[in-house]
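S.K.: Here it is, the structure, as structure tokens.
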Amino acid sequence: MSESNIIKIDVRAVLKSKAPKARVPKFIVNYLRRIVHEEEFNRYFSENPDLKNLDFIEGAFNYLDIKTSVEGEENLPPKDGKYIFVSNHPLGGLDGIALGYIIGKKYDGKVRFFSNDLLMNLHPMKDLFVPVNKVGSQSKNHAELMQKLYESEDHLITFPAGMCSRKIKGKIVDLEWKKNFVSKAVQYKRDVVPIYFKGRNSNFFYNLANLRKFLGLKFNVEMMYLADEMFKQRGSHFSIRIGKPIPWETFDKKKSQSDWAHWVKDIVYNME
């Protein structure tokens, strides 16, 4: 692969594209470069230009010395079905990547997962990602993409909270789980597989989130630090627990879809 084809992260270029008329001070650019680990990402990209998808994840985990162990692997359903894997979201990045790797290996690479903006910048994994929060003029195209996705043979990983866990009353927990995965499970006849991912971000991350909430700021400032949180996990070991599949027929009219989503969330946290 030629040097010109190697993926690079360029914070200054991103800032210019988002706000072309703004004059961002150099010290702010340099700070942002540091917290997004621009240099480390680009070094890894340049040293591994041909790695993609599951191979890219495996290489990245070796680079960061990340290890995982799986309990309940016998609960993974057979390959001939179509499933939605739902999990708590303690990390905001590494948890999605780890689950994508584990489930992708089990199901011959037939896996896609919903991704935030942080992961969408990891272009070598773009075949695995499904972008979230598409609105406005893109909403129609996004709806068509979702229909094709749920009708496909790919297994789907989703984090129903939509954002990573926060520290609430001393515990690291997800916010409210949205009901979308329940409605899609019923509509497309996909069984749901609950997963509990054991992990946490730094106290700095949670304190910043709580401070932002206290100040009434709507912009999630703490999300800017998710790349930094990822690198802080260097050398970590994560435990992943897989529960028994829940048949899609379970989600009947006895409960609202929001109540069913809360019910599945309880199942996941009871696996803790």
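All residue names refer to the structure tokens as shown: chains lettered A, B, ... in order, residues numbered from 1 in each chain, ligands numbered from 1 in order.
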Can you write out as a Markdown table which residues of segment 88-187 of chain A fall within 8 Å of segment 241-256 of chain A, alongside each residue's closest atom pair and its distance in Å to one decimal, counting only C-alpha atoms and ordering rows by chain and ascending residue number?
M.R.:
| residue | atom | partner | partner_atom | distance |
| --- | --- | --- | --- | --- |
| A:Val182 | CA | A:Phe251 | CA | 7.1 |
| A:Ala185 | CA | A:Trp248 | CA | 5.7 |
| A:Val186 | CA | A:Trp248 | CA | 5.5 |
S.K.: Per DSSP on the backbone, filter segment 103-243 of chain A down to the residues in helix (DSSP H, G or I) and report them as a ChimeraX atom specification.
M.R.: /A:103-106,117-120,123-128,136-151,180-187,203-215,221-232
S.K.: Would you output that residue set with C-alpha atoms, as a PDB file, in the first residue's frame?
M.R.:
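Produced file out35.pdb, reproduced below:
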ATOM      1  CA  ILE A 103     -19.138 -12.330  17.870  1.00  0.00           C
ATOM      2  CA  GLY A 104     -17.525 -11.798  14.471  1.00  0.00           C
ATOM      3  CA  LYS A 105     -15.158 -14.710  15.089  1.00  0.00           C
ATOM      4  CA  LYS A 106     -18.045 -16.927  16.186  1.00  0.00           C
ATOM      5  CA  ASP A 117     -18.508   9.229  15.973  1.00  0.00           C
ATOM      6  CA  LEU A 118     -15.299   8.083  17.680  1.00  0.00           C
ATOM      7  CA  LEU A 119     -15.345   4.641  16.085  1.00  0.00           C
ATOM      8  CA  MET A 120     -16.563   5.932  12.717  1.00  0.00           C
ATOM      9  CA  HIS A 123     -11.784   3.527   8.649  1.00  0.00           C
ATOM     10  CA  PRO A 124     -10.188   0.037   8.577  1.00  0.00           C
ATOM     11  CA  MET A 125     -13.264  -1.166  10.466  1.00  0.00           C
ATOM     12  CA  LYS A 126     -15.861   0.706   8.416  1.00  0.00           C
ATOM     13  CA  ASP A 127     -17.364  -2.518   7.017  1.00  0.00           C
ATOM     14  CA  LEU A 128     -18.446  -3.465  10.551  1.00  0.00           C
ATOM     15  CA  GLY A 136     -32.480  15.748   8.715  1.00  0.00           C
ATOM     16  CA  SER A 137     -31.949  15.264   4.991  1.00  0.00           C
ATOM     17  CA  GLN A 138     -30.166  11.962   5.580  1.00  0.00           C
ATOM     18  CA  SER A 139     -32.993  10.418   7.583  1.00  0.00           C
ATOM     19  CA  LYS A 140     -34.707   8.775   4.577  1.00  0.00           C
ATOM     20  CA  ASN A 141     -31.486   7.194   3.347  1.00  0.00           C
ATOM     21  CA  HIS A 142     -30.718   6.085   6.874  1.00  0.00           C
ATOM     22  CA  ALA A 143     -34.145   4.435   7.214  1.00  0.00           C
ATOM     23  CA  GLU A 144     -33.509   2.491   3.998  1.00  0.00           C
ATOM     24  CA  LEU A 145     -30.076   1.481   5.302  1.00  0.00           C
ATOM     25  CA  MET A 146     -31.648   0.228   8.541  1.00  0.00           C
ATOM     26  CA  GLN A 147     -34.229  -1.842   6.687  1.00  0.00           C
ATOM     27  CA  LYS A 148     -31.564  -3.544   4.562  1.00  0.00           C
ATOM     28  CA  LEU A 149     -29.448  -4.098   7.644  1.00  0.00           C
ATOM     29  CA  TYR A 150     -32.185  -5.816   9.650  1.00  0.00           C
ATOM     30  CA  GLU A 151     -33.178  -7.910   6.649  1.00  0.00           C
ATOM     31  CA  ASN A 180     -35.795   0.345  19.495  1.00  0.00           C
ATOM     32  CA  PHE A 181     -34.095  -3.057  19.772  1.00  0.00           C
ATOM     33  CA  VAL A 182     -37.337  -4.586  21.056  1.00  0.00           C
ATOM     34  CA  SER A 183     -39.431  -3.226  18.189  1.00  0.00           C
ATOM     35  CA  LYS A 184     -36.822  -4.326  15.629  1.00  0.00           C
ATOM     36  CA  ALA A 185     -36.547  -7.795  17.181  1.00  0.00           C
ATOM     37  CA  VAL A 186     -40.287  -8.277  16.760  1.00  0.00           C
ATOM     38  CA  GLN A 187     -40.504  -6.666  13.319  1.00  0.00           C
ATOM     39  CA  ASN A 203     -12.828   8.787  37.651  1.00  0.00           C
ATOM     40  CA  PHE A 204     -11.843  11.853  35.613  1.00  0.00           C
ATOM     41  CA  PHE A 205     -14.377  10.882  32.938  1.00  0.00           C
ATOM     42  CA  TYR A 206     -17.237  10.419  35.418  1.00  0.00           C
ATOM     43  CA  ASN A 207     -16.389  13.540  37.402  1.00  0.00           C
ATOM     44  CA  LEU A 208     -16.315  15.589  34.202  1.00  0.00           C
ATOM     45  CA  ALA A 209     -19.696  14.158  33.152  1.00  0.00           C
ATOM     46  CA  ASN A 210     -21.230  15.003  36.519  1.00  0.00           C
ATOM     47  CA  LEU A 211     -19.731  18.510  36.455  1.00  0.00           C
ATOM     48  CA  ARG A 212     -21.103  19.116  32.970  1.00  0.00           C
ATOM     49  CA  LYS A 213     -24.539  17.965  34.124  1.00  0.00           C
ATOM     50  CA  PHE A 214     -24.338  20.145  37.248  1.00  0.00           C
ATOM     51  CA  LEU A 215     -23.516  23.185  35.102  1.00  0.00           C
ATOM     52  CA  VAL A 221     -17.873  17.465  26.801  1.00  0.00           C
ATOM     53  CA  GLU A 222     -16.753  14.157  28.304  1.00  0.00           C
ATOM     54  CA  MET A 223     -17.237  12.387  24.951  1.00  0.00           C
ATOM     55  CA  MET A 224     -14.201  14.255  23.632  1.00  0.00           C
ATOM     56  CA  TYR A 225     -12.101  12.165  26.002  1.00  0.00           C
ATOM     57  CA  LEU A 226     -13.267   8.707  24.874  1.00  0.00           C
ATOM     58  CA  ALA A 227     -10.151   8.146  22.767  1.00  0.00           C
ATOM     59  CA  ASP A 228      -8.020   9.076  25.770  1.00  0.00           C
ATOM     60  CA  GLU A 229     -10.075   6.679  27.902  1.00  0.00           C
ATOM     61  CA  MET A 230      -9.401   3.948  25.355  1.00  0.00           C
ATOM     62  CA  PHE A 231      -5.649   4.359  25.680  1.00  0.00           C
ATOM     63  CA  LYS A 232      -5.924   4.461  29.473  1.00  0.00           C
TER      64      LYS A 232
END
S.K.: Closest to Ser115 of chain A among A:Val173, A:Ala13, A:Ile97, A:Ile195, using only C-alpha atoms?
M.R.: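 Ranking A:Val173, A:Ala13, A:Ile97, A:Ile195 by distance to Ser115 of chain A, first place goes to A:Ile97.
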S.K.: What separation in Å, quoted to one decimal, exists between atom CA of Phe56 of chain A and atom CA of Ser236 of chain A?
M.R.: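 Here the two named atoms are 18.3 Å from each other.
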S.K.: Calculated over only C-alpha atoms, which of the candidates A:Gly100, A:Phe85, A:Lys198, A:Asp10 has the smallest distance to Val36 of chain A?
M.R.: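 Among the listed residues, the smallest separation from Val36 of chain A belongs to A:Asp10.
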S.K.: In Å to one decimal, how far is atom CA of Arg166 of chain A from atom CA of Gly216 of chain A?
M.R.: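 Those two atoms sit 15.9 Å apart.
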S.K.: Could you find all residues in segment 50-205 of chain A that DSSP calls strand (DSSP E or B) from the backbone, and write them as JSON, numbers by chain?
M.R.: {"A": [67, 68, 69, 70, 71, 83, 84, 85, 86, 87, 111, 112, 113, 114, 115, 129, 130, 131, 155, 156, 157, 158, 166, 167, 168, 171, 172, 173, 191, 192, 193, 194, 195, 196, 197, 198]}
S.K.: Give me a file of those residues, with C-alpha atoms, as a PDB file, in the first residue's frame.
M.R.:
ATOM      1  CA  LYS A  67      -7.306  -9.239  26.916  1.00  0.00           C
ATOM      2  CA  THR A  68     -10.837 -10.586  27.274  1.00  0.00           C
ATOM      3  CA  SER A  69     -12.450 -13.655  28.805  1.00  0.00           C
ATOM      4  CA  VAL A  70     -15.930 -14.920  27.946  1.00  0.00           C
ATOM      5  CA  GLU A  71     -18.350 -16.680  30.269  1.00  0.00           C
ATOM      6  CA  TYR A  83     -29.816 -12.148  16.196  1.00  0.00           C
ATOM      7  CA  ILE A  84     -29.576  -8.823  17.988  1.00  0.00           C
ATOM      8  CA  PHE A  85     -26.913  -8.809  20.706  1.00  0.00           C
ATOM      9  CA  VAL A  86     -27.630  -6.190  23.384  1.00  0.00           C
ATOM     10  CA  SER A  87     -25.150  -5.067  26.005  1.00  0.00           C
ATOM     11  CA  VAL A 111     -21.508  -8.982  12.357  1.00  0.00           C
ATOM     12  CA  ARG A 112     -22.309  -5.260  12.342  1.00  0.00           C
ATOM     13  CA  PHE A 113     -22.524  -2.889  15.250  1.00  0.00           C
ATOM     14  CA  PHE A 114     -23.918   0.545  15.821  1.00  0.00           C
ATOM     15  CA  SER A 115     -21.151   3.070  16.283  1.00  0.00           C
ATOM     16  CA  PHE A 129     -19.964  -0.127  11.550  1.00  0.00           C
ATOM     17  CA  VAL A 130     -23.483   1.179  11.338  1.00  0.00           C
ATOM     18  CA  PRO A 131     -23.655   4.961  11.940  1.00  0.00           C
ATOM     19  CA  HIS A 155     -25.892 -10.339  13.337  1.00  0.00           C
ATOM     20  CA  LEU A 156     -26.249  -6.967  15.033  1.00  0.00           C
ATOM     21  CA  ILE A 157     -24.695  -5.566  18.202  1.00  0.00           C
ATOM     22  CA  THR A 158     -26.359  -2.628  19.877  1.00  0.00           C
ATOM     23  CA  ARG A 166     -22.194   7.159  33.853  1.00  0.00           C
ATOM     24  CA  LYS A 167     -21.463   7.075  37.574  1.00  0.00           C
ATOM     25  CA  ILE A 168     -24.785   7.421  39.408  1.00  0.00           C
ATOM     26  CA  LYS A 171     -22.358   2.848  40.650  1.00  0.00           C
ATOM     27  CA  ILE A 172     -21.287   2.621  36.999  1.00  0.00           C
ATOM     28  CA  VAL A 173     -24.571   2.064  35.156  1.00  0.00           C
ATOM     29  CA  ASP A 191     -33.951 -13.284  18.889  1.00  0.00           C
ATOM     30  CA  VAL A 192     -32.181 -11.091  21.446  1.00  0.00           C
ATOM     31  CA  VAL A 193     -28.972 -12.191  23.176  1.00  0.00           C
ATOM     32  CA  PRO A 194     -28.164 -10.309  26.425  1.00  0.00           C
ATOM     33  CA  ILE A 195     -24.536  -9.532  27.265  1.00  0.00           C
ATOM     34  CA  TYR A 196     -22.923  -8.038  30.351  1.00  0.00           C
ATOM     35  CA  PHE A 197     -19.576  -6.290  29.796  1.00  0.00           C
ATOM     36  CA  LYS A 198     -17.556  -5.667  32.967  1.00  0.00           C
TER      37      LYS A 198
END
